[in-house]
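Text of data_38.txt, listed as compact mmCIF, N, CA and C atoms:
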# COMPACT_ATOMS: atom_id res chain seq x y z
N MET A 16 64.25 -126.30 -91.15
CA MET A 16 64.91 -126.58 -89.88
C MET A 16 65.24 -125.25 -89.21
N ALA A 17 64.70 -125.04 -88.03
CA ALA A 17 64.93 -123.81 -87.29
C ALA A 17 66.20 -123.94 -86.45
N LYS A 18 66.82 -122.81 -86.22
CA LYS A 18 67.99 -122.73 -85.35
C LYS A 18 67.51 -122.27 -83.98
N ILE A 19 67.65 -123.15 -82.97
CA ILE A 19 67.08 -122.91 -81.64
C ILE A 19 68.17 -122.99 -80.58
N LEU A 20 68.20 -122.00 -79.70
CA LEU A 20 69.12 -121.99 -78.56
C LEU A 20 68.32 -122.24 -77.29
N ILE A 21 68.79 -123.20 -76.49
CA ILE A 21 68.16 -123.53 -75.22
C ILE A 21 69.11 -123.10 -74.10
N VAL A 22 68.59 -122.30 -73.17
CA VAL A 22 69.40 -121.76 -72.07
C VAL A 22 68.77 -122.17 -70.75
N ASP A 23 69.48 -122.97 -69.97
CA ASP A 23 68.97 -123.38 -68.66
C ASP A 23 70.15 -123.88 -67.83
N ASP A 24 70.15 -123.58 -66.55
CA ASP A 24 71.24 -124.04 -65.69
C ASP A 24 71.04 -125.49 -65.23
N ASP A 25 69.96 -126.12 -65.65
CA ASP A 25 69.69 -127.52 -65.32
C ASP A 25 70.04 -128.40 -66.52
N SER A 26 71.12 -129.14 -66.42
CA SER A 26 71.57 -129.95 -67.56
C SER A 26 70.57 -131.05 -67.92
N ASN A 27 69.80 -131.55 -66.94
CA ASN A 27 68.78 -132.56 -67.25
C ASN A 27 67.71 -131.98 -68.16
N LEU A 28 67.30 -130.73 -67.90
CA LEU A 28 66.30 -130.10 -68.76
C LEU A 28 66.88 -129.84 -70.15
N LEU A 29 68.14 -129.41 -70.21
CA LEU A 29 68.78 -129.21 -71.52
C LEU A 29 68.77 -130.49 -72.33
N ASN A 30 69.10 -131.61 -71.70
CA ASN A 30 69.11 -132.89 -72.41
C ASN A 30 67.71 -133.30 -72.86
N PHE A 31 66.71 -133.07 -72.01
CA PHE A 31 65.33 -133.40 -72.34
C PHE A 31 64.87 -132.59 -73.56
N VAL A 32 65.10 -131.29 -73.53
CA VAL A 32 64.67 -130.43 -74.63
C VAL A 32 65.44 -130.77 -75.91
N SER A 33 66.73 -131.01 -75.78
CA SER A 33 67.54 -131.37 -76.93
C SER A 33 67.04 -132.67 -77.56
N ASP A 34 66.71 -133.66 -76.73
CA ASP A 34 66.18 -134.92 -77.23
C ASP A 34 64.85 -134.71 -77.96
N CYS A 35 64.02 -133.81 -77.44
CA CYS A 35 62.71 -133.54 -78.05
C CYS A 35 62.83 -132.83 -79.39
N LEU A 36 63.75 -131.87 -79.48
CA LEU A 36 63.81 -130.99 -80.65
C LEU A 36 64.94 -131.30 -81.61
N GLY A 37 65.95 -132.01 -81.15
CA GLY A 37 67.16 -132.21 -81.94
C GLY A 37 66.99 -132.88 -83.27
N GLY A 38 66.01 -133.75 -83.41
CA GLY A 38 65.81 -134.44 -84.67
C GLY A 38 65.25 -133.56 -85.77
N GLU A 39 64.51 -132.53 -85.38
CA GLU A 39 63.86 -131.66 -86.36
C GLU A 39 64.51 -130.30 -86.52
N HIS A 40 65.32 -129.90 -85.55
CA HIS A 40 65.88 -128.55 -85.55
C HIS A 40 67.36 -128.57 -85.23
N ASP A 41 68.03 -127.48 -85.58
CA ASP A 41 69.43 -127.27 -85.23
C ASP A 41 69.45 -126.66 -83.83
N VAL A 42 69.80 -127.46 -82.83
CA VAL A 42 69.69 -127.05 -81.43
C VAL A 42 71.07 -126.82 -80.83
N ALA A 43 71.22 -125.66 -80.17
CA ALA A 43 72.43 -125.36 -79.39
C ALA A 43 72.01 -125.25 -77.93
N LEU A 44 72.91 -125.64 -77.02
CA LEU A 44 72.62 -125.67 -75.60
C LEU A 44 73.66 -124.88 -74.82
N THR A 45 73.20 -124.20 -73.76
CA THR A 45 74.13 -123.58 -72.83
C THR A 45 73.49 -123.47 -71.46
N THR A 46 74.33 -123.53 -70.44
CA THR A 46 73.87 -123.37 -69.06
C THR A 46 74.09 -121.95 -68.56
N SER A 47 74.58 -121.07 -69.42
CA SER A 47 75.00 -119.73 -68.99
C SER A 47 74.30 -118.64 -69.79
N GLY A 48 73.73 -117.67 -69.08
CA GLY A 48 73.13 -116.52 -69.75
C GLY A 48 74.15 -115.71 -70.52
N GLU A 49 75.34 -115.57 -69.96
CA GLU A 49 76.40 -114.83 -70.65
C GLU A 49 76.77 -115.50 -71.96
N GLU A 50 76.94 -116.81 -71.92
CA GLU A 50 77.30 -117.55 -73.14
C GLU A 50 76.16 -117.48 -74.16
N ALA A 51 74.93 -117.52 -73.68
CA ALA A 51 73.78 -117.44 -74.60
C ALA A 51 73.84 -116.15 -75.42
N LEU A 52 74.14 -115.04 -74.76
CA LEU A 52 74.20 -113.77 -75.47
C LEU A 52 75.37 -113.74 -76.45
N LEU A 53 76.49 -114.34 -76.08
CA LEU A 53 77.64 -114.41 -77.00
C LEU A 53 77.31 -115.27 -78.22
N LEU A 54 76.65 -116.40 -77.99
CA LEU A 54 76.27 -117.28 -79.10
C LEU A 54 75.28 -116.58 -80.03
N ALA A 55 74.33 -115.87 -79.46
CA ALA A 55 73.32 -115.17 -80.27
C ALA A 55 73.93 -114.00 -81.04
N LYS A 56 74.95 -113.40 -80.47
CA LYS A 56 75.64 -112.30 -81.17
C LYS A 56 76.45 -112.85 -82.35
N ALA A 57 77.07 -114.01 -82.15
CA ALA A 57 77.91 -114.60 -83.19
C ALA A 57 77.09 -115.09 -84.37
N ALA A 58 75.94 -115.67 -84.12
CA ALA A 58 75.09 -116.21 -85.19
C ALA A 58 73.65 -116.23 -84.67
N PRO A 59 72.80 -115.36 -85.19
CA PRO A 59 71.43 -115.25 -84.67
C PRO A 59 70.66 -116.57 -84.73
N PHE A 60 69.77 -116.73 -83.77
CA PHE A 60 68.90 -117.89 -83.68
C PHE A 60 67.49 -117.50 -84.09
N ASP A 61 66.73 -118.46 -84.58
CA ASP A 61 65.32 -118.22 -84.86
C ASP A 61 64.53 -118.12 -83.56
N VAL A 62 64.86 -119.02 -82.62
CA VAL A 62 64.15 -119.09 -81.35
C VAL A 62 65.17 -119.29 -80.23
N VAL A 63 64.94 -118.58 -79.12
CA VAL A 63 65.71 -118.82 -77.90
C VAL A 63 64.71 -119.20 -76.81
N LEU A 64 64.94 -120.35 -76.21
CA LEU A 64 64.13 -120.84 -75.10
C LEU A 64 64.99 -120.68 -73.86
N THR A 65 64.58 -119.77 -72.95
CA THR A 65 65.42 -119.47 -71.80
C THR A 65 64.69 -119.64 -70.48
N ASP A 66 65.41 -120.22 -69.53
CA ASP A 66 64.93 -120.27 -68.15
C ASP A 66 64.97 -118.84 -67.62
N ILE A 67 64.10 -118.52 -66.69
CA ILE A 67 64.10 -117.18 -66.12
C ILE A 67 65.11 -117.06 -64.99
N PHE A 68 65.12 -118.02 -64.08
CA PHE A 68 65.97 -117.91 -62.90
C PHE A 68 67.23 -118.74 -63.04
N MET A 69 68.35 -118.02 -63.27
CA MET A 69 69.67 -118.64 -63.40
C MET A 69 70.68 -117.74 -62.70
N PRO A 70 71.81 -118.31 -62.28
CA PRO A 70 72.84 -117.49 -61.65
C PRO A 70 73.44 -116.48 -62.63
N LYS A 71 73.97 -115.43 -62.12
CA LYS A 71 74.67 -114.37 -62.87
C LYS A 71 73.73 -113.62 -63.80
N LYS A 72 73.49 -114.08 -65.00
CA LYS A 72 72.61 -113.40 -65.95
C LYS A 72 71.34 -114.22 -66.10
N ASP A 73 70.20 -113.63 -65.67
CA ASP A 73 68.95 -114.38 -65.68
C ASP A 73 68.20 -114.21 -67.01
N GLY A 74 67.11 -114.93 -67.13
CA GLY A 74 66.32 -114.90 -68.35
C GLY A 74 65.72 -113.55 -68.66
N PHE A 75 65.36 -112.76 -67.64
CA PHE A 75 64.84 -111.42 -67.89
C PHE A 75 65.88 -110.57 -68.61
N GLU A 76 67.13 -110.68 -68.17
CA GLU A 76 68.22 -109.93 -68.82
C GLU A 76 68.44 -110.41 -70.25
N ILE A 77 68.36 -111.71 -70.45
CA ILE A 77 68.53 -112.27 -71.79
C ILE A 77 67.44 -111.75 -72.72
N ILE A 78 66.20 -111.76 -72.24
CA ILE A 78 65.08 -111.27 -73.05
C ILE A 78 65.29 -109.81 -73.44
N LYS A 79 65.63 -108.97 -72.47
CA LYS A 79 65.83 -107.54 -72.75
C LYS A 79 66.97 -107.33 -73.74
N GLU A 80 68.08 -108.03 -73.55
CA GLU A 80 69.24 -107.85 -74.42
C GLU A 80 68.97 -108.34 -75.84
N LEU A 81 68.35 -109.52 -75.96
CA LEU A 81 68.07 -110.05 -77.30
C LEU A 81 67.05 -109.20 -78.05
N ASN A 82 66.11 -108.60 -77.33
CA ASN A 82 65.16 -107.72 -78.00
C ASN A 82 65.85 -106.49 -78.59
N LYS A 83 66.94 -106.07 -77.97
CA LYS A 83 67.72 -104.94 -78.50
C LYS A 83 68.63 -105.37 -79.65
N THR A 84 69.36 -106.46 -79.45
CA THR A 84 70.41 -106.84 -80.39
C THR A 84 69.95 -107.78 -81.50
N SER A 85 68.86 -108.50 -81.26
CA SER A 85 68.40 -109.50 -82.22
C SER A 85 66.87 -109.55 -82.23
N PRO A 86 66.24 -108.44 -82.64
CA PRO A 86 64.77 -108.34 -82.52
C PRO A 86 64.00 -109.38 -83.35
N GLN A 87 64.63 -109.97 -84.34
CA GLN A 87 63.94 -110.97 -85.15
C GLN A 87 63.84 -112.32 -84.43
N THR A 88 64.65 -112.53 -83.41
CA THR A 88 64.64 -113.77 -82.64
C THR A 88 63.40 -113.83 -81.77
N LYS A 89 62.71 -114.94 -81.83
CA LYS A 89 61.54 -115.17 -80.98
C LYS A 89 62.00 -115.84 -79.69
N ILE A 90 61.52 -115.34 -78.56
CA ILE A 90 61.98 -115.81 -77.26
C ILE A 90 60.83 -116.48 -76.51
N ILE A 91 61.13 -117.64 -75.96
CA ILE A 91 60.20 -118.37 -75.10
C ILE A 91 60.83 -118.42 -73.71
N ALA A 92 60.10 -117.96 -72.70
CA ALA A 92 60.58 -118.01 -71.32
C ALA A 92 60.02 -119.26 -70.66
N MET A 93 60.79 -119.79 -69.71
CA MET A 93 60.30 -120.94 -68.95
C MET A 93 60.74 -120.82 -67.50
N THR A 94 59.89 -121.34 -66.62
CA THR A 94 60.21 -121.32 -65.20
C THR A 94 59.40 -122.36 -64.45
N ALA A 95 59.95 -122.79 -63.32
CA ALA A 95 59.23 -123.67 -62.41
C ALA A 95 58.66 -122.85 -61.25
N HIS A 96 58.98 -121.57 -61.21
CA HIS A 96 58.55 -120.70 -60.11
C HIS A 96 57.18 -120.10 -60.44
N MET A 97 56.15 -120.85 -60.14
CA MET A 97 54.79 -120.40 -60.43
C MET A 97 53.96 -120.48 -59.15
N LYS A 98 53.52 -119.32 -58.67
CA LYS A 98 52.64 -119.28 -57.50
C LYS A 98 51.43 -118.43 -57.86
N PRO A 99 50.24 -118.99 -57.74
CA PRO A 99 49.04 -118.27 -58.18
C PRO A 99 48.84 -116.92 -57.49
N GLU A 100 49.29 -116.78 -56.26
CA GLU A 100 49.05 -115.53 -55.53
C GLU A 100 50.04 -114.43 -55.91
N GLN A 101 51.05 -114.74 -56.71
CA GLN A 101 52.05 -113.75 -57.12
C GLN A 101 51.85 -113.35 -58.58
N VAL A 102 52.47 -112.24 -58.95
CA VAL A 102 52.50 -111.86 -60.35
C VAL A 102 53.24 -112.97 -61.10
N SER A 103 52.71 -113.38 -62.21
CA SER A 103 53.31 -114.46 -62.97
C SER A 103 54.63 -114.01 -63.59
N PHE A 104 55.67 -114.78 -63.32
CA PHE A 104 56.97 -114.47 -63.92
C PHE A 104 56.92 -114.62 -65.43
N LEU A 105 56.11 -115.57 -65.92
CA LEU A 105 55.98 -115.75 -67.37
C LEU A 105 55.26 -114.56 -68.00
N GLU A 106 54.24 -114.02 -67.32
CA GLU A 106 53.57 -112.83 -67.84
C GLU A 106 54.53 -111.65 -67.88
N PHE A 107 55.36 -111.52 -66.86
CA PHE A 107 56.35 -110.44 -66.85
C PHE A 107 57.35 -110.62 -67.98
N ALA A 108 57.77 -111.87 -68.22
CA ALA A 108 58.70 -112.15 -69.32
C ALA A 108 58.07 -111.75 -70.66
N GLU A 109 56.78 -112.03 -70.82
CA GLU A 109 56.10 -111.63 -72.05
C GLU A 109 56.00 -110.11 -72.15
N HIS A 110 55.81 -109.45 -71.03
CA HIS A 110 55.81 -107.98 -71.02
C HIS A 110 57.16 -107.43 -71.50
N LEU A 111 58.25 -108.14 -71.17
CA LEU A 111 59.58 -107.72 -71.58
C LEU A 111 59.89 -108.05 -73.04
N GLY A 112 59.10 -108.95 -73.64
CA GLY A 112 59.32 -109.26 -75.05
C GLY A 112 59.31 -110.72 -75.42
N ALA A 113 59.17 -111.63 -74.46
CA ALA A 113 59.04 -113.04 -74.82
C ALA A 113 57.70 -113.23 -75.53
N VAL A 114 57.66 -114.12 -76.51
CA VAL A 114 56.42 -114.35 -77.26
C VAL A 114 55.59 -115.49 -76.68
N ALA A 115 56.18 -116.26 -75.77
CA ALA A 115 55.46 -117.39 -75.15
C ALA A 115 56.16 -117.76 -73.85
N GLY A 116 55.47 -118.57 -73.06
CA GLY A 116 56.03 -119.04 -71.81
C GLY A 116 55.69 -120.49 -71.57
N LEU A 117 56.58 -121.17 -70.87
CA LEU A 117 56.38 -122.58 -70.51
C LEU A 117 56.58 -122.72 -69.01
N SER A 118 55.62 -123.34 -68.35
CA SER A 118 55.72 -123.62 -66.93
C SER A 118 56.30 -125.03 -66.76
N LYS A 119 57.41 -125.13 -66.03
CA LYS A 119 58.04 -126.42 -65.78
C LYS A 119 57.30 -127.13 -64.66
N PRO A 120 57.21 -128.43 -64.69
CA PRO A 120 57.65 -129.30 -65.77
C PRO A 120 56.64 -129.29 -66.92
N PHE A 121 57.13 -129.59 -68.11
CA PHE A 121 56.26 -129.67 -69.27
C PHE A 121 56.56 -130.96 -70.03
N THR A 122 55.59 -131.39 -70.82
CA THR A 122 55.76 -132.62 -71.59
C THR A 122 56.42 -132.30 -72.93
N SER A 123 56.94 -133.31 -73.57
CA SER A 123 57.53 -133.12 -74.90
C SER A 123 56.46 -132.66 -75.89
N GLU A 124 55.24 -133.15 -75.73
CA GLU A 124 54.15 -132.74 -76.63
C GLU A 124 53.85 -131.25 -76.48
N HIS A 125 53.79 -130.78 -75.24
CA HIS A 125 53.51 -129.36 -75.00
C HIS A 125 54.67 -128.50 -75.52
N LEU A 126 55.89 -128.94 -75.29
CA LEU A 126 57.06 -128.22 -75.80
C LEU A 126 56.98 -128.07 -77.32
N CYS A 127 56.72 -129.17 -78.00
CA CYS A 127 56.65 -129.14 -79.47
C CYS A 127 55.52 -128.24 -79.95
N LYS A 128 54.40 -128.26 -79.26
CA LYS A 128 53.26 -127.41 -79.62
C LYS A 128 53.66 -125.93 -79.53
N VAL A 129 54.29 -125.55 -78.43
CA VAL A 129 54.70 -124.15 -78.24
C VAL A 129 55.77 -123.76 -79.27
N ILE A 130 56.74 -124.63 -79.49
CA ILE A 130 57.78 -124.35 -80.48
C ILE A 130 57.15 -124.13 -81.86
N ASN A 131 56.23 -125.00 -82.25
CA ASN A 131 55.59 -124.86 -83.56
C ASN A 131 54.76 -123.58 -83.67
N GLU A 132 54.09 -123.19 -82.59
CA GLU A 132 53.33 -121.93 -82.59
C GLU A 132 54.27 -120.74 -82.76
N VAL A 133 55.40 -120.78 -82.10
CA VAL A 133 56.36 -119.68 -82.20
C VAL A 133 57.02 -119.66 -83.57
N LEU A 134 57.35 -120.83 -84.10
CA LEU A 134 57.96 -120.88 -85.44
C LEU A 134 57.00 -120.33 -86.49
N ALA A 135 55.71 -120.48 -86.27
CA ALA A 135 54.71 -119.94 -87.21
C ALA A 135 54.74 -118.41 -87.24
N LEU A 136 55.31 -117.79 -86.21
CA LEU A 136 55.41 -116.33 -86.15
C LEU A 136 56.58 -115.78 -86.98
N LEU A 137 57.52 -116.66 -87.37
CA LEU A 137 58.68 -116.23 -88.11
C LEU A 137 58.30 -115.88 -89.56
N PRO A 138 58.93 -114.87 -90.10
CA PRO A 138 58.66 -114.55 -91.51
C PRO A 138 59.11 -115.72 -92.39
N ARG A 139 58.36 -115.98 -93.42
CA ARG A 139 58.71 -117.07 -94.34
C ARG A 139 59.59 -116.52 -95.44
N ALA A 140 60.57 -117.34 -95.82
CA ALA A 140 61.47 -116.97 -96.93
C ALA A 140 60.68 -117.06 -98.24
N PRO A 141 60.93 -116.14 -99.16
CA PRO A 141 60.23 -116.22 -100.46
C PRO A 141 60.62 -117.49 -101.20
N ASP A 142 59.67 -118.04 -101.93
CA ASP A 142 59.93 -119.27 -102.69
C ASP A 142 60.76 -118.98 -103.92

Would you mind writing the file out in structure tokens?
Amino acid sequence: MAKILIVDDDSNLLNFVSDCLGGEHDVALTTSGEEALLLAKAAPFDVVLTDIFMPKKDGFEIIKELNKTSPQTKIIAMTAHMKPEQVSFLEFAEHLGAVAGLSKPFTSEHLCKVINEVLALLPRAPD
């Protein structure tokens, strides 16, 4: 069971992701970038799934900070702001240290696929 933090200012998305992952993983939720960093400092997470565009502290800041303070944590960025003629925000998030990106809206199947791919990147505990 992985410990996963979901950060998004949209409570409907938090509920959707929690419903998808809650049965298999230990899921924590927050609508605040500031709170996300406090939670991650108090007890590290295996995976943090963060929205990019949020008030006050955005996902780019969360990615940069977690890469400094919790480099073992795998970060997945997500956004609904996708325009083909612009630089991809998800590509930029990966440049900053996210290991994957999700374009909103996404299905529960796609979410689980990405989560499982990222969990496969985690070091395995010795038997």

Contacts of Asp24 (chain A) at 6 Å or less, counting all atoms listed in the file, minus same-chain residues fewer than 4 places along, as a PDB file with N, CA and C atoms, keeping the file's coordinate frame?
ATOM      1  N   THR A  45      73.200-124.200 -73.760  1.00  0.00           N
ATOM      2  CA  THR A  45      74.130-123.580 -72.830  1.00  0.00           C
ATOM      3  C   THR A  45      73.490-123.470 -71.460  1.00  0.00           C
ATOM      4  N   THR A  46      74.330-123.530 -70.440  1.00  0.00           N
ATOM      5  CA  THR A  46      73.870-123.370 -69.060  1.00  0.00           C
ATOM      6  C   THR A  46      74.090-121.950 -68.560  1.00  0.00           C
ATOM      7  N   SER A  47      74.580-121.070 -69.420  1.00  0.00           N
ATOM      8  CA  SER A  47      75.000-119.730 -68.990  1.00  0.00           C
ATOM      9  C   SER A  47      74.300-118.640 -69.790  1.00  0.00           C
ATOM     10  N   MET A  69      68.350-118.020 -63.270  1.00  0.00           N
ATOM     11  CA  MET A  69      69.670-118.640 -63.400  1.00  0.00           C
ATOM     12  C   MET A  69      70.680-117.740 -62.700  1.00  0.00           C
TER      13      MET A  69
END

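Proximity of A:Ser123, A:Asn131, A:Ser26, A:Thr65 to Ile91 (chain A), computed with all atoms listed in the file, is greatest for A:Thr65.
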
(request) Pick out the closest residue to Gly116 (chain A) from this set: A:Val129, A:Leu53, A:Val62, A:Leu28. Count all atoms listed in the file. (result)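 Selected residue with least distance to Gly116 (chain A): A:Val129.
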
(request) With a distance cut-off of 10 Å and only C-alpha atoms, select the neighbouring residues of Gly74 (chain A), excluding the residue or stretch itself and same-chain residues fewer than 6 positions from it, and output the selection as a list in words. (result)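 Here the answer would be Val22, Asp23, Ser47, Gly48, Leu64, Thr65, Asp66, Ile67, Phe68, Glu80, Ile90, Ile91, Ala92, Met93, Thr94, Ala108 and Ala113 of chain A.
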
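Ranking A:Ile21, A:Leu29, A:Ala115, A:Phe121 by their shortest atom-to-atom distance to Val133 (chain A), with all atoms listed in the file included, puts A:Ala115 first.
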
(request) Measuring atom to atom with all atoms listed in the file, identify which of A:Arg139, A:Lys56, A:His110, A:Lys18 is nearest to Glu39 (chain A). (result) A:Lys18

(request) Just give me the gap between CA of Phe104 (chain A) and CA of Lys71 (chain A) in Å, one decimal is fine. (result)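 Those two atoms sit 17.7 Å apart.
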
(request) Give me, please, the distance in Å between atom C of Ile77 (chain A) and atom N of Ala95 (chain A), quoted to one decimal. (result)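 Straight-line distance from atom C of Ile77 (chain A) to atom N of Ala95 (chain A) works out to 16.3 Å.
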
(request) For atom N of Pro120 (chain A) and CA of Leu105 (chain A), determine how far apart the two atoms are, in Å to one decimal place. (result)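 Going from atom N of Pro120 (chain A) over to CA of Leu105 (chain A) covers 13.0 Å.
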
(message) I'd like to know which residues of region 22-86 of chain A are alpha helix (DSSP H) (by DSSP, run on the backbone); could you write them as JSON, numbers by chain?
(response) {"A": [26, 27, 28, 29, 30, 31, 32, 33, 34, 35, 36, 48, 49, 50, 51, 52, 53, 54, 55, 56, 57, 74, 75, 76, 77, 78, 79, 80, 81, 82, 83, 84]}

(message) Please identify the strand (DSSP E or B) residues within chain A (assignment by DSSP from backbone atoms) and present them as a list in words.
(response)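 Put together, the selection reads Lys18, Ile19, Leu20, Ile21, Val22, Asp41, Val42, Ala43, Leu44, Thr45, Val62, Val63, Leu64, Thr65, Asp66, Lys89, Ile90, Ile91, Ala92, Met93, Thr94, Ala115, Gly116, Leu117 and Ser118 of chain A.
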
Quick one: write out the picked residues with N, CA and C atoms as a PDB file, keeping the file's coordinate frame?
ATOM      1  N   LYS A  18      66.820-122.810 -86.220  1.00  0.00           N
ATOM      2  CA  LYS A  18      67.990-122.730 -85.350  1.00  0.00           C
ATOM      3  C   LYS A  18      67.510-122.270 -83.980  1.00  0.00           C
ATOM      4  N   ILE A  19      67.650-123.150 -82.970  1.00  0.00           N
ATOM      5  CA  ILE A  19      67.080-122.910 -81.640  1.00  0.00           C
ATOM      6  C   ILE A  19      68.170-122.990 -80.580  1.00  0.00           C
ATOM      7  N   LEU A  20      68.200-122.000 -79.700  1.00  0.00           N
ATOM      8  CA  LEU A  20      69.120-121.990 -78.560  1.00  0.00           C
ATOM      9  C   LEU A  20      68.320-122.240 -77.290  1.00  0.00           C
ATOM     10  N   ILE A  21      68.790-123.200 -76.490  1.00  0.00           N
ATOM     11  CA  ILE A  21      68.160-123.530 -75.220  1.00  0.00           C
ATOM     12  C   ILE A  21      69.110-123.100 -74.100  1.00  0.00           C
ATOM     13  N   VAL A  22      68.590-122.300 -73.170  1.00  0.00           N
ATOM     14  CA  VAL A  22      69.400-121.760 -72.070  1.00  0.00           C
ATOM     15  C   VAL A  22      68.770-122.170 -70.750  1.00  0.00           C
ATOM     16  N   ASP A  41      68.030-127.480 -85.580  1.00  0.00           N
ATOM     17  CA  ASP A  41      69.430-127.270 -85.230  1.00  0.00           C
ATOM     18  C   ASP A  41      69.450-126.660 -83.830  1.00  0.00           C
ATOM     19  N   VAL A  42      69.800-127.460 -82.830  1.00  0.00           N
ATOM     20  CA  VAL A  42      69.690-127.050 -81.430  1.00  0.00           C
ATOM     21  C   VAL A  42      71.070-126.820 -80.830  1.00  0.00           C
ATOM     22  N   ALA A  43      71.220-125.660 -80.170  1.00  0.00           N
ATOM     23  CA  ALA A  43      72.430-125.360 -79.390  1.00  0.00           C
ATOM     24  C   ALA A  43      72.010-125.250 -77.930  1.00  0.00           C
ATOM     25  N   LEU A  44      72.910-125.640 -77.020  1.00  0.00           N
ATOM     26  CA  LEU A  44      72.620-125.670 -75.600  1.00  0.00           C
ATOM     27  C   LEU A  44      73.660-124.880 -74.820  1.00  0.00           C
ATOM     28  N   THR A  45      73.200-124.200 -73.760  1.00  0.00           N
ATOM     29  CA  THR A  45      74.130-123.580 -72.830  1.00  0.00           C
ATOM     30  C   THR A  45      73.490-123.470 -71.460  1.00  0.00           C
ATOM     31  N   VAL A  62      64.860-119.020 -82.620  1.00  0.00           N
ATOM     32  CA  VAL A  62      64.150-119.090 -81.350  1.00  0.00           C
ATOM     33  C   VAL A  62      65.170-119.290 -80.230  1.00  0.00           C
ATOM     34  N   VAL A  63      64.940-118.580 -79.120  1.00  0.00           N
ATOM     35  CA  VAL A  63      65.710-118.820 -77.900  1.00  0.00           C
ATOM     36  C   VAL A  63      64.710-119.200 -76.810  1.00  0.00           C
ATOM     37  N   LEU A  64      64.940-120.350 -76.210  1.00  0.00           N
ATOM     38  CA  LEU A  64      64.130-120.840 -75.100  1.00  0.00           C
ATOM     39  C   LEU A  64      64.990-120.680 -73.860  1.00  0.00           C
ATOM     40  N   THR A  65      64.580-119.770 -72.950  1.00  0.00           N
ATOM     41  CA  THR A  65      65.420-119.470 -71.800  1.00  0.00           C
ATOM     42  C   THR A  65      64.690-119.640 -70.480  1.00  0.00           C
ATOM     43  N   ASP A  66      65.410-120.220 -69.530  1.00  0.00           N
ATOM     44  CA  ASP A  66      64.930-120.270 -68.150  1.00  0.00           C
ATOM     45  C   ASP A  66      64.970-118.840 -67.620  1.00  0.00           C
ATOM     46  N   LYS A  89      62.710-114.940 -81.830  1.00  0.00           N
ATOM     47  CA  LYS A  89      61.540-115.170 -80.980  1.00  0.00           C
ATOM     48  C   LYS A  89      62.000-115.840 -79.690  1.00  0.00           C
ATOM     49  N   ILE A  90      61.520-115.340 -78.560  1.00  0.00           N
ATOM     50  CA  ILE A  90      61.980-115.810 -77.260  1.00  0.00           C
ATOM     51  C   ILE A  90      60.830-116.480 -76.510  1.00  0.00           C
ATOM     52  N   ILE A  91      61.130-117.640 -75.960  1.00  0.00           N
ATOM     53  CA  ILE A  91      60.200-118.370 -75.100  1.00  0.00           C
ATOM     54  C   ILE A  91      60.830-118.420 -73.710  1.00  0.00           C
ATOM     55  N   ALA A  92      60.100-117.960 -72.700  1.00  0.00           N
ATOM     56  CA  ALA A  92      60.580-118.010 -71.320  1.00  0.00           C
ATOM     57  C   ALA A  92      60.020-119.260 -70.660  1.00  0.00           C
ATOM     58  N   MET A  93      60.790-119.790 -69.710  1.00  0.00           N
ATOM     59  CA  MET A  93      60.300-120.940 -68.950  1.00  0.00           C
ATOM     60  C   MET A  93      60.740-120.820 -67.500  1.00  0.00           C
ATOM     61  N   THR A  94      59.890-121.340 -66.620  1.00  0.00           N
ATOM     62  CA  THR A  94      60.210-121.320 -65.200  1.00  0.00           C
ATOM     63  C   THR A  94      59.400-122.360 -64.450  1.00  0.00           C
ATOM     64  N   ALA A 115      56.180-116.260 -75.770  1.00  0.00           N
ATOM     65  CA  ALA A 115      55.460-117.390 -75.150  1.00  0.00           C
ATOM     66  C   ALA A 115      56.160-117.760 -73.850  1.00  0.00           C
ATOM     67  N   GLY A 116      55.470-118.570 -73.060  1.00  0.00           N
ATOM     68  CA  GLY A 116      56.030-119.040 -71.810  1.00  0.00           C
ATOM     69  C   GLY A 116      55.690-120.490 -71.570  1.00  0.00           C
ATOM     70  N   LEU A 117      56.580-121.170 -70.870  1.00  0.00           N
ATOM     71  CA  LEU A 117      56.380-122.580 -70.510  1.00  0.00           C
ATOM     72  C   LEU A 117      56.580-122.720 -69.010  1.00  0.00           C
ATOM     73  N   SER A 118      55.620-123.340 -68.350  1.00  0.00           N
ATOM     74  CA  SER A 118      55.720-123.620 -66.930  1.00  0.00           C
ATOM     75  C   SER A 118      56.300-125.030 -66.760  1.00  0.00           C
TER      76      SER A 118
END
